[in-house]
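To keep things clear, I will list the structure first and then write my remarks on it.
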Amino acid sequence: MAEIAEPAGTSAATSSTTGEKNNSDVPDFDPKTMRKTKPGLKRLFLTFTVFFSFLLGLPFLLKSIEIYRSPLPFRDIDSLSNSIDSTPLLFPCRFHAVFVNFDASTEFTADELGFSIVSHMQKFTGSDQNCGTCGSNYTVSVTLDSDSGCVHNQNVGPAWRCGALKDSKLDENLKNDEDFDEYLESVLGGGCEGSLSNDGKVYTVVVVNRDEGVRAVVGKHRHGWIVGRILEAPMVEKVAEIFVKVFVNGGKEEGVIRSEFMPVGADGKVVLSFSLLNADPNDWIYDWDFQDIDDILLARIVEALSPLANISVESQVLYHTPKSSFAYWDEKQESYIFSTKDLPFFVNSNEWHLDTSIAADGRSKVLHFVVYVPSARECPLLLQLPHGETSMTNGFISPMWGGVVVWNPPGCLRDSENTGPLMHKILPQVQSLPRMIIMDEIGKQVTFSLEAAKLSQSNASQGNFDASAVSSRQARSLAEDAFYHPSIMSVSYYSFEHCFAVYSPFFLPVSLHVLLAVVREVKRYKQESEKYKAWKAKGR
Amino acid sequence: MPTSTRSEMVRLKLVLVLFILCFASTSTGKEKERIEEQFTEELLLRPLPDRKVLAHFHFDTRAPPTASYGRHHRIFPKAIYQLVHKFQVREMELSFTQGRWNYERWGGYDPIASSNVKPPGVELWAVFDVPQDQVDASWKNLTHTLSGLFCASVNYLESSTAYSAPDWSFREFSGNLRYGTLPREAICTENLTPWLKLLPCRDKAGLSGLMNRSSIYRGFYHSQRLHLTSGEFNSEAVNYGIMLEQTLTVVLEPNTLESGVTRSSGLALQPSWSLSSLFGRELGERCVLAKSSNVYVQLEGSLVSVLKNKWEETSAYEADTLSYEEGSLSNPSFELSVSPNRIIKEVNSLHPEGSSILYHYMMENYSDSKPFELEFKWKSPLVWSCPQAPLHASRFLMGSGNERGAIAISLQATKRSDDFLVADIDEKGCRLRVDVFQVVPWYVKVYYHTLKLFVDEKPQSQADIIEKMRVSPSEDKVSPGVMELILRLPCGVKSAAITLEFDKGFLHIDEYPPDANQGFDIPSAVVSFPDFQATTHFLEDNSSNESPLVSKMKERSSVLSYTEVLLVPLTTPDFSMPYNVITITCTVFALYFGSLLNALRKRVAEEERRLKSKAANKSGRVPLLLSKLLAKVRGRPWEPPQAASTSSSQISYKLIFKVILVAGIAAGWQYYHE
């Protein structure tokens with residue numbers, strides 16, 4: 001020991017031998033409790049070096065068992081969602097009020113009318129800015145069309161053919177609302193198409209001053225009209241009301257657009273699956289000519305909605321598909337009744353093989369439209385609403401799933417149509433896995449999706465609705481691609497115990513050694529320095 | 001109710017109401033004559049020589065071409081239509097099989113044996129109507145779709161090591177055909193249910209109502225098959241769009257009580273059976289959507305000739321086959337409880353044994369209240385044998401050990417091969433053509449140059465026997481080895497054998513299946529005899545109204561048989577070995593490190609001193625404990641050594657405390673981890 005020790009150590013080591021000698025010299029020196037030299041620091045230093053190098057190695061160890069996660073733009077995602085929450089998406093709206101047969105010499109000019117409409121509209125909208133409405137992001141243009149010509153306010157409105165309603169046919173047109181609607185469309189629509197296609201559509205209210213009772217009609221195109229003899233002040237209020245309540249809020253009581261009603265699949269695809277169910281083909285078999293339905297009705301809808309979603313249509317006829325809820329015979333109505341509380345059990349998922357689509361790959365959304373033909377045993381089958389009336393429609397919809405209509409064959413005919421209570425939507429629950437590998441590709445998809453979402457937002461606020469729809473579809477599809485990436489599915493979890501199992505055979509025994517050594521050395525050093533202190537105290 | 005939903009509803013309502021209007025109007029006024037979708041259901045029952053019964057369900061669904069009919073169907077399954085169109089499938093066959101067809105007992109020459117008998121597990125082949133370079137991609141997507149559709153692991157056929165592209169030996173399509181098998185796939189109800197879903201009546205009505213799961217899976221052989229042919233993409237076939245043929249072939253043993261009865265001749269009487277005793281269910285309502293639903297009972301040619309011989313001894317034959325007794329058919333040998341609607345006889349039989357007979361029952365006359373209860377009762381014991389393929393093919397492994405081995409395919413002449421009538425005769429004399437198609441997974445490395453041929457147990461040169469050969473050697477982890485052969489064997493051949501040597505490869509540790517020690521399967525080889533056509537031509541009075549099953553039997557198809565699946569044991573590593581190595585290495589390192597650290601910390605002088613003082617105290621901890629134990633054993637009161645008594649007891653307390661502490665930590669750790 002002495003050979004390899006440094007001077008301080010030697011003295012410490014020799015002290016014990018000399019201590020014994022001193023024992024005889026100094027009678028009050030007890031070698032068990034005292035020492036004459038300072039305790040050595042060398043071994044303590046060595047064990048601490050090893051200990052700390054272990055601690056220093058720990059980050060490398062953790063690094064080596066780390067799982068690769070591609071950096072995701074979490075902050076951007078947060079800021080985007082925050083910005084959507086704080087400043088709801090507002091669409092630019094353009095309104096146009098046309099006053100026909102008002103003398104230019106009335107108390108209001110076009111500009112004044114414009115201001116008063118805007119102020120009335122602000123009263124109606126209030127301060128709440130719901131997502132998907134116009135908020136305060138609108139412009140109102142006013143045209144005064146009188147005998148003396150047209151006067152516009154400073155917001156240059158869409159082309160209004162002056163004197164368009166001066167025709168002799170006006171009286172005739174006004175008799176029939178539908179005809180007048182079409183006529184207005186031809187007057188307004190023609191001017192709009194070319195120049196304003198990019199800029200969103202203009203909502204128009206035409207006010208015709210005539211000697212008759214006041215009527216306000218909203219047509220099926222983007223315009224309405226008020227006919228009658230009224231004063232300007234209530235009229236302006238009426239116009240503002242139509243703009244806000246009908247055109248902005250879509251005629252709904254509460255102005256919220258329900259965002260969860262988005263039956264578009266993750267990849268922007270929707271499959272409309274039409275099924276005709278013959279509950280018991282032994283009683284009767286009904287068939288439909290779906291090819292014609294597809295060609296005549298659905299093809300146009302699919303075409304019109306193509307920027308929003310990629311819609312495909314498919315049909316099937318299924319047999320031997322009894323419903324799974326119970327219907328009871330009602331003497332008064334002479335029919336079988338099923339009530340709304342039975343609806344969750346109406347769809348018989350064991351027998352109704354509706355989801356037989358291969359065209360709908362993984363994530364596209366399938367909307368089921370089911371026509372149920374009851375068997376002869378339950379033939380006039382009617383839906384009873386909670387308040388005891390039978391449903392006019394004899395059907396119900398289930399949000400995000402589709403709808404079912406019970407069609408009673410003519411043999412047992414009672415009339416039928418549709419309305420429906422709701423079933424609850426089951427929200428997908430997403431769990432977060434802390435030890436999940438995230439590949440670069442996923443990171444890229446997330447980034448692109450975010451970019452597309454931002455683009456969509458900016459397009460929407462500028463009024464480029466078509467472009468906005470396209471990029472929002474893209475954003476959604478990319479986000480879902482990232483979410484359903486196959487690598488996440490397959491290598492989803494790599495357990496921590498796994499790394500521990502590989503490293504523990506080495507690090508467990510070694511760390512025990514190191515820890516024990518540290519504890520022992522520290523203990524010993526304390527003991528020895530106590531001894532030294534005791535000796536010193538004695539010496540003085 | 002929220003108004004937003006109302007507006008949606010209104011839209012929905014509108015659409016639905018319009019539909020109702022549309023179809024209500026069209027369903028009545030549908031008189032135009034055009035090719036309609038059609039569905040037929042048929043069941044063929046055939047007594048087998050070894051006291052078993054073959055039941056062969058045949059469902060046929062046809063859709064007219066899309067060009068003329070449109071893409072909406074009322075009977076044809078939507079899933080299959082979409083599948084055909086999505087992957088441009090021209091022809092496809094998927095089969096799920098459990099058990100092995102016994103070619104020797106159950107026959108190998110009839111249409112059912114050669115086109116409906118399949119190798120165990122899953123077999124899938126498909127022909128695509130896409131350019132050559134897209135075929136593989138289509139195949140991969142198709143496997144995934146089928147796997148989802150049929151709840152089976154068909155998707156394992158996606159890997160390029162699992163499928164092959166036979167050139168000419170399997171089917172005549174070249175290039176666009178892909179073939180793959182999964183010999184180990186277990187077949188169960190979960191595969192049958194989606195298969196039944198493709199039928200318009202599922203198993204709610206009709207012949208499929210007989211498919212009682214517990215009885216059909218109890219059988220000796222069970223094969224569920226789906227074959228589809230599409231004329232959608234080639235202009236030649238215009239008369240039909242997609243033909244979907246679903247068959248279920250089961251071999252059942254009737255459970256009989258009187259089976260032990262033997263006649264004076266010493267022969268056991270064949271067990272009598274009825275539909276309800278075979279399937280445990282009655283056949284009630286037919287599927288109303290079916291154009292026709294028929295049940296056939298077939299007596300094979302050899303059985304008919306045996307019957308004929310028997311009856312010639314007793315009485316006139318013609319009178320007996322047609323003797324009806326109060327609504328049942330009865331003759332000295334057997335009795336059918338229900339008299340058939342028709343009796344169809346085979347014509348132009350190529351089989352020398354005789355022509356077979358079909359008893360045809362139409363299901364139109366039966367309903368739930370009046371179920372079809374057919375009983376087949378044997379009256380006298382009979383012995384007959386089924387028609388055999390010219391050669392019986394079997395395959396086995398040779399060699400031992402985990403390093404190398406050899407595959408042998410042996411072809412044994414069957415009884416009937418003496419009277420080959422249709423072998424082709426060329427300048428070399430009478431020759432019998434045999435096609436062999438064999439796929440070997442890559443980890444069985446076959447050396448194709450070691451191919452040896454034996455005819456009548458004498459080695460033959462390859463040039464004499466092999467007419468054509470195509471070999472694509474396996475590539476490690478990329479593709480399996482494929483061998484296609486056309487052999488020309490002399491007509492009088494008694495036996496022939498092909499042997500191939502192979503080395504067993506090593507797999508990466510990840511590539512082993514969970515039960516690696518069970519061994520690895522080599523898929524069945526396909527042996528076909530193109531010179532022999534398995535057709536049974538029945539005399540039909542009205543060819544336009546022919547049932548698909550009968551016309552299927554009429555179709556010319558070459559006799560085909562599958563060999564056994566081989567089980568090759570490969571060297572499997574000790575899967576825990578890597579961890580063991582890690583553990584032992586780490587232990588050695590830890591020991592080294594620990595002792596090094598201790599050596600560095602060692603104080604020699606101090607330790608010497610301590611040893612000395614210990615020697616003065618004499619006894620250590622261990623001897624103390626030992627003496628205690630010894631005292632206990634001896635039964636004497638223990639006398640502690642005087643000096644160390646207090647300290648040693650303290651030490652032992654300390655020790656116990658430490659042991660308890662460690663045990664507590666361990667228990668805590670365990671608890672926390674559970």
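To be explicit about the labels: the chains of the structure tokens are called A, B, and onward in the order shown, and within each one the residues are counted from 1, while ligands get numbers from 1 in the order they are shown.
Residues of chain A having any atom within 6 Å of chain B, counting only C-alpha atoms, are Met1, Arg43, Asp287, Trp288, Asp289, Ser315, Gln316, Val317, Thr356, Ser357, Ile358, Asn418, Pro505, Phe506, Val510 and His513 of chain A.
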Just-selected residues, C-alpha atoms written as a PDB file, in the first residue's frame:
ATOM      1  CA  MET A   1       0.000   0.000   0.000  1.00  0.00           C
ATOM      2  CA  ARG A  43      -9.421   7.397  -2.708  1.00  0.00           C
ATOM      3  CA  ASP A 287     -86.443  -3.277 -56.607  1.00  0.00           C
ATOM      4  CA  TRP A 288     -85.327   0.131 -57.768  1.00  0.00           C
ATOM      5  CA  ASP A 289     -83.889   1.417 -60.945  1.00  0.00           C
ATOM      6  CA  SER A 315     -76.093   1.094 -54.332  1.00  0.00           C
ATOM      7  CA  GLN A 316     -77.092  -2.341 -53.248  1.00  0.00           C
ATOM      8  CA  VAL A 317     -80.227  -4.297 -52.576  1.00  0.00           C
ATOM      9  CA  THR A 356     -69.707  -3.838 -48.008  1.00  0.00           C
ATOM     10  CA  SER A 357     -67.917  -1.140 -49.871  1.00  0.00           C
ATOM     11  CA  ILE A 358     -64.465  -1.769 -51.228  1.00  0.00           C
ATOM     12  CA  ASN A 418     -89.501  11.963 -43.158  1.00  0.00           C
ATOM     13  CA  PRO A 505     -27.006  -6.625 -16.749  1.00  0.00           C
ATOM     14  CA  PHE A 506     -24.074  -4.263 -16.951  1.00  0.00           C
ATOM     15  CA  VAL A 510     -21.600  -1.683 -11.721  1.00  0.00           C
ATOM     16  CA  HIS A 513     -20.325  -1.126  -6.821  1.00  0.00           C
TER      17      HIS A 513
END
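Neighbouring residues of segment 132-136 of chain B at 7 Å or closer, counting only C-alpha atoms and skipping chain neighbours under 4 positions away, are Phe128, Lys140, Gly175 and Asn176 of chain B.
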Those residues with N, CA and C atoms, as a PDB file, in the first residue's frame please?
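Below you can see out.pdb, which holds the result:
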ATOM      1  N   PHE B 128     -54.951 -10.475 -64.127  1.00  0.00           N
ATOM      2  CA  PHE B 128     -55.328  -9.065 -64.163  1.00  0.00           C
ATOM      3  C   PHE B 128     -55.333  -8.559 -65.592  1.00  0.00           C
ATOM      4  N   LYS B 140     -50.861  -6.998 -54.991  1.00  0.00           N
ATOM      5  CA  LYS B 140     -50.661  -6.643 -53.588  1.00  0.00           C
ATOM      6  C   LYS B 140     -51.908  -6.001 -53.011  1.00  0.00           C
ATOM      7  N   GLY B 175     -47.994 -14.148 -68.010  1.00  0.00           N
ATOM      8  CA  GLY B 175     -47.628 -12.784 -67.637  1.00  0.00           C
ATOM      9  C   GLY B 175     -48.533 -12.159 -66.602  1.00  0.00           C
ATOM     10  N   ASN B 176     -49.830 -12.210 -66.822  1.00  0.00           N
ATOM     11  CA  ASN B 176     -50.717 -11.486 -65.920  1.00  0.00           C
ATOM     12  C   ASN B 176     -51.257 -12.347 -64.790  1.00  0.00           C
TER      13      ASN B 176
END
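As for atom CA of Leu226 of chain B and atom CA of Ile112 of chain B, they are spaced 14.1 Å apart.
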Name all residues at most 6 Å from Val100 of chain A (count only C-alpha atoms; drop same-chain ones fewer than 4 positions away) and give them as a PDB file with C-alpha atoms, in the first residue's frame.
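Written file, around_2.pdb:
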ATOM      1  CA  ASP A 145     -83.420  52.969 -59.785  1.00  0.00           C
ATOM      2  CA  SER A 146     -85.951  55.582 -60.624  1.00  0.00           C
ATOM      3  CA  VAL A 207     -87.302  46.823 -53.139  1.00  0.00           C
ATOM      4  CA  VAL A 208     -90.107  47.690 -55.487  1.00  0.00           C
TER       5      VAL A 208
END
Exercise: segment 51-62 of chain B partners within 7 Å, only C-alpha atoms, chain neighbours under 4 positions left out, as a ChimeraX atom specification: /B:37-47,76,242-254,270-271,548-549
